[in-house]
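Below is structure_12.txt, which holds compact mmCIF, C-alpha atoms.
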# COMPACT_ATOMS: atom_id res chain seq x y z
CA MET A 284 0.00 0.00 0.00
CA ILE A 285 2.65 2.49 1.06
CA GLU A 286 5.07 1.56 -1.72
CA LYS A 287 2.42 1.90 -4.42
CA ARG A 288 0.60 4.80 -2.75
CA VAL A 289 -2.73 2.98 -2.72
CA ARG A 290 -5.48 2.77 -0.11
CA ARG A 291 -7.09 -0.45 -1.27
CA LEU A 292 -5.73 -3.80 -2.36
CA LEU A 293 -7.69 -6.58 -3.96
CA VAL A 294 -6.86 -9.83 -2.16
CA LYS A 295 -8.50 -12.72 -4.02
CA ASP A 296 -12.12 -11.55 -4.21
CA LYS A 297 -12.05 -9.30 -1.15
CA VAL A 298 -10.71 -5.81 -0.49
CA LEU A 299 -8.14 -4.84 2.13
CA SER A 300 -8.25 -1.13 2.89
CA ASP A 301 -5.99 1.15 4.92
CA ARG A 302 -8.99 1.82 7.13
CA SER A 303 -9.71 -1.83 7.94
CA LEU A 304 -6.02 -2.57 8.41
CA ILE A 305 -5.52 0.24 10.91
CA LYS A 306 -8.63 -0.95 12.76
CA ALA A 307 -7.11 -4.41 13.11
CA LEU A 308 -3.66 -3.15 14.08
CA MET A 309 -5.06 -0.88 16.79
CA ALA A 310 -7.06 -3.67 18.47
CA TYR A 311 -6.20 -6.75 20.53
CA PRO A 312 -4.07 -8.82 19.84
CA TRP A 313 -2.33 -6.88 17.08
CA LEU A 314 -1.84 -3.73 19.13
CA SER A 315 0.43 -5.47 21.64
CA LYS A 316 2.22 -7.38 18.87
CA LEU A 317 2.84 -4.11 17.05
CA ARG A 318 4.12 -2.45 20.22
CA ASP A 319 6.43 -5.31 21.19
CA SER A 320 7.74 -6.21 17.77
CA THR A 321 6.78 -3.98 14.87
CA GLU A 322 9.10 -5.66 12.39
CA GLU A 323 7.80 -9.14 13.14
CA THR A 324 4.20 -7.97 13.04
CA LEU A 325 4.66 -6.30 9.67
CA ASN A 326 6.23 -9.47 8.31
CA SER A 327 3.19 -11.58 9.30
CA PRO A 328 1.30 -13.16 6.38
CA LEU A 329 -2.03 -11.61 5.42
CA THR A 330 -3.68 -14.90 6.39
CA ALA A 331 -2.81 -14.14 10.02
CA LEU A 332 -5.12 -11.14 9.98
CA PRO A 333 -8.73 -11.64 11.11
CA VAL A 334 -11.17 -12.32 8.26
CA THR A 335 -13.07 -9.19 9.28
CA VAL A 336 -10.25 -7.10 7.78
CA PHE A 337 -11.21 -8.22 4.28
CA HIS A 338 -14.40 -6.73 2.94
CA LYS A 339 -16.59 -7.87 0.10
CA PRO A 340 -17.06 -5.57 -2.89
CA SER A 341 -20.24 -5.60 -4.99
CA ARG A 342 -20.08 -6.97 -8.52
CA ALA A 343 -21.46 -4.87 -11.35
CA LEU A 344 -21.81 -5.04 -15.11
CA PRO A 345 -19.90 -2.50 -17.21
CA ASN A 346 -23.02 -1.27 -19.01
CA GLU A 347 -24.84 -0.29 -15.79
CA GLY A 348 -25.68 3.38 -15.29
CA LEU A 349 -24.16 5.63 -12.64
CA SER A 350 -27.09 5.42 -10.19
CA LYS A 351 -27.09 1.62 -10.26
CA GLY A 352 -23.33 1.67 -9.70
CA LEU A 353 -23.63 4.10 -6.79
CA SER A 354 -26.40 2.02 -5.24
CA LEU A 355 -24.30 -1.16 -5.44
CA LEU A 356 -21.24 0.66 -4.09
CA LEU A 357 -23.08 2.12 -1.09
CA ASP A 358 -24.52 -1.32 -0.29
CA ALA A 359 -21.13 -3.04 -0.55
CA GLU A 360 -19.28 -3.97 2.62
CA ALA A 361 -16.03 -2.72 1.00
CA LYS A 362 -17.65 0.42 -0.44
CA CYS A 363 -16.32 -0.40 -3.88
CA LEU A 364 -17.29 -2.36 -7.00
CA LEU A 365 -15.72 -5.06 -9.13
CA ILE A 366 -16.49 -4.47 -12.80
CA ASP A 367 -15.01 -7.00 -15.21
CA GLY A 368 -11.77 -7.38 -13.25
CA GLN A 369 -11.50 -3.67 -12.57
CA ILE A 370 -12.23 -1.99 -9.27
CA ALA A 371 -14.33 1.15 -8.88
CA THR A 372 -14.09 3.22 -5.69
CA PRO A 373 -16.13 6.23 -4.54
CA TRP A 374 -13.47 8.39 -6.27
CA ASP A 375 -14.07 6.59 -9.57
CA LEU A 376 -17.86 6.94 -9.46
CA VAL A 377 -18.11 10.45 -8.03
CA VAL A 378 -15.09 12.36 -9.32
CA LYS A 379 -14.20 10.64 -12.60
CA PRO A 380 -17.47 11.52 -14.36
CA ILE A 381 -16.49 15.17 -13.90
CA LYS A 382 -12.80 14.71 -14.59
CA GLN A 383 -12.70 12.51 -17.68
CA MET B 983 -16.59 13.51 -18.80
CA SER B 984 -20.34 13.55 -18.42
CA THR B 985 -21.54 16.95 -19.62
CA SER B 986 -25.09 16.14 -18.54
CA LEU B 987 -23.93 15.42 -14.96
CA ILE B 988 -21.93 18.65 -14.85
CA LYS B 989 -24.98 20.57 -16.07
CA ARG B 990 -27.19 18.99 -13.38
CA LEU B 991 -24.67 19.71 -10.62
CA GLN B 992 -24.83 23.44 -11.28
CA ASN B 993 -28.12 23.51 -9.40
CA PHE B 994 -26.65 22.15 -6.17
CA LYS B 995 -24.55 23.43 -3.32
CA VAL B 996 -22.52 21.76 -0.57
CA LYS B 997 -25.34 22.39 1.93
CA ASP B 998 -27.63 20.17 -0.17
CA VAL B 999 -25.28 17.22 0.43
CA LEU B 1000 -25.24 17.90 4.17
CA GLU B 1001 -29.05 17.79 4.27
CA ILE B 1002 -28.74 14.10 3.36
CA SER B 1003 -25.52 13.26 5.13
CA SER B 1004 -23.59 15.17 7.76
CA SER B 1005 -21.27 13.95 10.47
CA VAL B 1006 -19.61 14.89 13.69
CA ILE B 1007 -16.19 16.55 13.48
CA TYR B 1008 -13.61 14.63 15.47
CA GLN B 1009 -10.52 16.63 16.30
CA ILE B 1010 -7.23 16.50 18.15
CA LYS B 1011 -4.76 19.27 18.97
CA SER B 1012 -1.73 19.92 16.77
CA SER B 1013 0.55 19.13 19.72
CA ASP B 1014 -1.15 15.78 20.43
CA PRO B 1015 0.82 12.73 19.34
CA VAL B 1016 -0.36 11.17 16.13
CA ILE B 1017 -1.52 8.05 18.03
CA ALA B 1018 -4.28 10.24 19.55
CA ALA B 1019 -6.10 10.04 16.21
CA ALA B 1020 -6.25 6.23 16.29
CA PRO B 1021 -9.21 5.77 18.69
CA PHE B 1022 -11.39 8.06 16.57
CA LEU B 1023 -10.42 6.27 13.36
CA THR B 1024 -11.03 2.83 14.82
CA VAL B 1025 -13.82 3.16 17.39
CA PHE B 1026 -15.91 5.79 15.60
CA ASP B 1027 -14.99 4.41 12.19
CA VAL B 1028 -14.35 7.79 10.60
CA ASP B 1029 -12.13 8.41 7.60
CA VAL B 1030 -10.28 11.41 8.99
CA VAL B 1031 -9.58 13.21 12.27
CA PHE B 1032 -9.01 16.95 12.06
CA VAL B 1033 -5.96 18.57 13.66
CA THR B 1034 -6.57 21.98 15.23
CA LYS B 1035 -4.05 24.68 16.08
CA GLU B 1036 -4.93 27.93 17.82
CA ASP B 1037 -8.67 27.75 17.04
CA SER B 1038 -8.22 26.91 13.37
CA VAL B 1039 -7.97 23.60 11.56
CA HIS B 1040 -4.38 22.81 10.59
CA GLY B 1041 -4.85 19.55 8.67
CA PHE B 1042 -6.11 16.00 9.01
CA ILE B 1043 -4.89 12.54 9.97
CA GLY B 1044 -6.24 9.45 8.20
CA GLY B 1045 -5.47 5.76 8.63
CA TYR B 1046 -3.05 5.89 5.71
CA ILE B 1047 -0.79 8.36 7.56
CA ILE B 1048 -0.59 6.06 10.59
CA LEU B 1049 0.18 3.05 8.39
CA GLU B 1050 2.89 5.06 6.65
CA ILE B 1051 4.51 5.96 9.99
CA ILE B 1052 4.40 2.33 11.14
CA GLU B 1053 5.91 1.10 7.89
CA GLN B 1054 8.61 3.76 7.77
CA SER B 1055 9.72 3.40 11.38
CA ARG B 1056 9.77 -0.38 11.71
CA LYS B 1057 12.39 -0.35 14.49
CA ASN B 1058 10.58 2.09 16.76
CA ALA B 1059 7.07 2.56 15.35
CA TRP B 1060 5.44 2.63 18.75
CA SER B 1061 7.56 5.45 20.16
CA THR B 1062 7.30 7.34 16.85
CA LEU B 1063 3.51 7.21 17.05
CA TYR B 1064 3.65 8.52 20.63
CA LYS B 1065 6.34 11.16 20.10
CA THR B 1066 5.41 12.68 16.75
CA PRO B 1067 3.16 15.74 17.08
CA SER B 1068 0.16 15.53 14.74
CA GLU B 1069 1.01 18.84 13.10
CA ASN B 1070 4.29 17.34 11.83
CA VAL B 1071 2.59 14.63 9.79
CA ASP B 1072 -0.95 15.81 9.06
CA TRP B 1073 -2.04 16.41 5.48
CA LYS B 1074 -3.13 19.75 4.12
CA LEU B 1075 -6.80 20.39 4.51
CA LEU B 1076 -9.33 21.05 1.79
CA THR B 1077 -12.08 23.40 2.93
CA THR B 1078 -15.39 24.33 1.38
CA ARG B 1079 -18.36 26.50 2.33
CA LEU B 1080 -22.01 25.64 2.79
CA ASP B 1081 -22.95 27.87 -0.13
CA GLU B 1082 -20.20 26.69 -2.47
CA GLU B 1083 -21.38 24.93 -5.64
CA LEU B 1084 -20.94 21.17 -5.48
CA ASP B 1085 -19.25 21.25 -8.88
CA THR B 1086 -16.60 23.63 -7.46
CA LEU B 1087 -15.92 21.30 -4.52
CA LEU B 1088 -15.51 18.33 -6.89
CA ARG B 1089 -13.05 20.34 -9.01
CA LYS B 1090 -11.06 21.21 -5.88
CA MET B 1091 -10.98 17.50 -5.03
CA ILE B 1092 -9.64 16.74 -8.52
CA ALA B 1093 -6.97 19.43 -8.14
CA THR B 1094 -5.78 18.20 -4.74
CA GLY B 1095 -6.51 14.48 -5.01
CA TYR B 1096 -8.37 14.59 -1.68
CA GLY B 1097 -11.64 12.73 -1.25
CA HIS B 1098 -12.82 14.73 1.73
CA ALA B 1099 -13.06 18.30 2.93
CA LEU B 1100 -14.15 20.32 5.93
CA VAL B 1101 -17.30 22.41 5.47
CA LEU B 1102 -17.17 25.91 6.97
CA ASP B 1103 -19.98 28.31 7.73
CA LYS B 1104 -18.47 31.79 8.14
CA ASP B 1105 -15.12 30.25 9.11
CA LYS B 1106 -16.76 27.93 11.66
CA PRO B 1107 -16.37 24.19 10.92
CA VAL B 1108 -19.79 22.53 10.61
CA SER B 1109 -19.18 19.05 9.18
CA PRO B 1110 -16.74 16.91 7.28
CA ILE B 1111 -17.82 15.95 3.77
CA GLY B 1112 -16.49 12.99 1.83
CA LEU B 1113 -16.98 11.08 -1.39
CA LEU B 1114 -19.44 8.65 0.21
CA ASP B 1115 -21.59 11.60 1.30
CA ILE B 1116 -21.55 12.95 -2.26
CA ALA B 1117 -22.25 9.46 -3.65
CA LYS B 1118 -25.36 9.25 -1.42
CA PHE B 1119 -26.41 12.69 -2.57
CA PHE B 1120 -26.03 11.78 -6.26
CA LEU B 1121 -28.18 8.73 -5.69
CA TYR B 1122 -30.93 10.12 -3.47
CA SER B 1123 -31.28 13.45 -5.30
CA GLY B 1124 -31.61 11.67 -8.63
CA VAL B 1125 -28.75 13.69 -10.09
CA SER B 1126 -27.09 10.52 -11.36
CA ASP B 1127 -30.25 8.99 -12.87
CA ASN B 1128 -30.53 8.24 -16.59
CA LEU B 1129 -27.26 9.82 -17.67
CA GLU B 1130 -26.97 8.60 -21.21
CA ASP B 1131 -23.37 9.66 -21.73
CA ILE B 1132 -21.88 7.48 -18.99
CA THR B 1133 -21.70 3.83 -17.88
CA ILE B 1134 -19.76 2.49 -14.92
CA GLY B 1135 -17.59 0.38 -17.23
CA GLN B 1136 -15.83 3.62 -18.21
CA LEU B 1137 -14.97 4.44 -14.61
CA GLY B 1138 -13.10 1.45 -13.12
CA SER B 1139 -9.38 1.30 -12.44
CA SER B 1140 -6.79 -1.43 -12.15
CA PRO B 1141 -7.17 -3.30 -8.83
CA GLN B 1142 -4.49 -1.19 -7.17
CA VAL B 1143 -6.39 1.99 -6.64
CA GLN B 1144 -4.50 5.24 -6.43
CA LEU B 1145 -4.96 7.45 -3.38

Step by step, read the file and then write its structure as structure tokens.
Amino acid sequence: MIEKRVRRLLVKDKVLSDRSLIKALMAYPWLSKLRDSTEETLNSPLTALPVTVFHKPSRALPNEGLSKGLSLLLDAEAKCLLIDGQIATPWDLVVKPIKQ
Amino acid sequence: MSTSLIKRLQNFKVKDVLEISSSVIYQIKSSDPVIAAAPFLTVFDVDVVFVTKEDSVHGFIGGYIILEIIEQSRKNAWSTLYKTPSENVDWKLLTTRLDEELDTLLRKMIATGYGHALVLDKDKPVSPIGLLDIAKFFLYSGVSDNLEDITIGQLGSSPQVQL
């Protein structure tokens, strides 16, 4: 995330966000692990994290309209969409229509 | 670019978004250590915590900043989080006004790359506003309905989403 300057990573079919990761790291038992051994904690595999860190995106078809996309996004646990292998975040659906 | 969406947005102001979705402003002092932002981010599940200095808002701390500190100070992350004043690491703040046009706020977001801002009413902070608030507004106001010049297939990105 830090290296690539991204806030969300797609891990298999779920999304890991900076927000969910910080929530996990600031709670038991990761908080004490982080305090006692940051290096070791950061080297832990993603599978060691609780499943609640990974959130499910909604799936959408590329020919859907903006309102349908927004509705699916707001309903999604991960607050993002998977569209034909691409990911769409609130930035993509709200800002890009103005920007592009 | 959706010209029809831009045309529709001209009728709306930031205050219209807040009528649908407004939130509490969580803040810490500029001298507080950056770790002070963590409980707000985790317990109250907010995207950003505002950093205030001498009665004005100096910047904001988000989860990404804390992750960056942890990653960049692997040997002493804990003490860094407790010793670094928030004002040293916070990110510049985007502000808007209740009566600002929504289109103007979105253009400011494009220019800065920030997905959230602090709404001011005569220099007094009234609410944070973020992309999810604007998404809700698009949906519930009908502003995003039946736009013929746009489909969501045009809007996705590669799975590694830029900040």

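Pairwise distance (CA of Ala1117 (chain B), CA of Lys1090 (chain B)) equals 16.4 Å.
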
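The closest residue to Leu308 (chain A), picked from B:Ser986, B:Leu1100, B:Leu1023, B:Lys1074 and counting all atoms listed in the file, is B:Leu1023.
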
Mind running chain B against chain A at 6 Å and telling me each contacting residue's nearest atom pair with the distance in Å (one decimal), counting all atoms listed in the file, chain and number ascending, as CSV?
residue,atom,partner,partner_atom,distance
B:Met983,CA,A:Gln383,CA,4.2
B:Ser984,CA,A:Pro380,CA,5.4
B:Thr1024,CA,A:Lys306,CA,4.9
B:Gly1045,CA,A:Arg302,CA,5.5
B:Tyr1046,CA,A:Asp301,CA,5.6
B:Arg1056,CA,A:Glu322,CA,5.4
B:Trp1060,CA,A:Arg318,CA,5.5
B:Leu1113,CA,A:Pro373,CA,5.8
B:Leu1121,CA,A:Ser350,CA,5.7
B:Ser1126,CA,A:Ser350,CA,5.2
B:Asp1127,CA,A:Ser350,CA,5.5
B:Thr1133,CA,A:Gly348,CA,4.8
B:Ile1134,CA,A:Pro345,CA,5.5
B:Gly1135,CA,A:Pro345,CA,3.7
B:Leu1137,CA,A:Asp375,CA,5.6
B:Gly1138,CA,A:Ala371,CA,4.4
B:Ser1139,CA,A:Ile370,CA,5.4
B:Ser1140,CA,A:Gln369,CA,5.2
B:Pro1141,CA,A:Ile370,CA,5.2
B:Gln1142,CA,A:Leu292,CA,5.6
B:Val1143,CA,A:Val289,CA,5.5
B:Gln1144,CA,A:Val289,CA,4.7
B:Leu1145,CA,A:Val289,CA,5.0

Using only C-alpha atoms, which of the listed residues (A:Pro328, A:Pro312, A:Pro340, A:Pro333) sits closest to Glu360 (chain A)?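 Counting only C-alpha atoms, the residue closest to Glu360 (chain A) is A:Pro340.
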
For a quick check of your reading of the model, name the residues lying within 12 Å of the coordinate (-16.4, 21.7, -5.2), counting only C-alpha atoms, and write them as a PyMOL selection string. (chain A and resi 377-378+381) or (chain B and resi 988+991-992+994-997+999+1076-1094+1096-1101+1111-1113+1116)

Would you compute the box with edges along x, y and z of the file around region 1023-1031 of chain B, including every atom the file lists for it and 8 Å extra on each side, and give its centre and edge lengths in Å to one decimal, as JSON?
{"center_x": -12.7, "center_y": 8.0, "center_z": 12.5, "size_x": 22.3, "size_y": 26.4, "size_z": 25.8}

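Our summary of the geometry notes that CA of Ser1012 (chain B) is positioned 8.2 Å from CA of Asn1070 (chain B).
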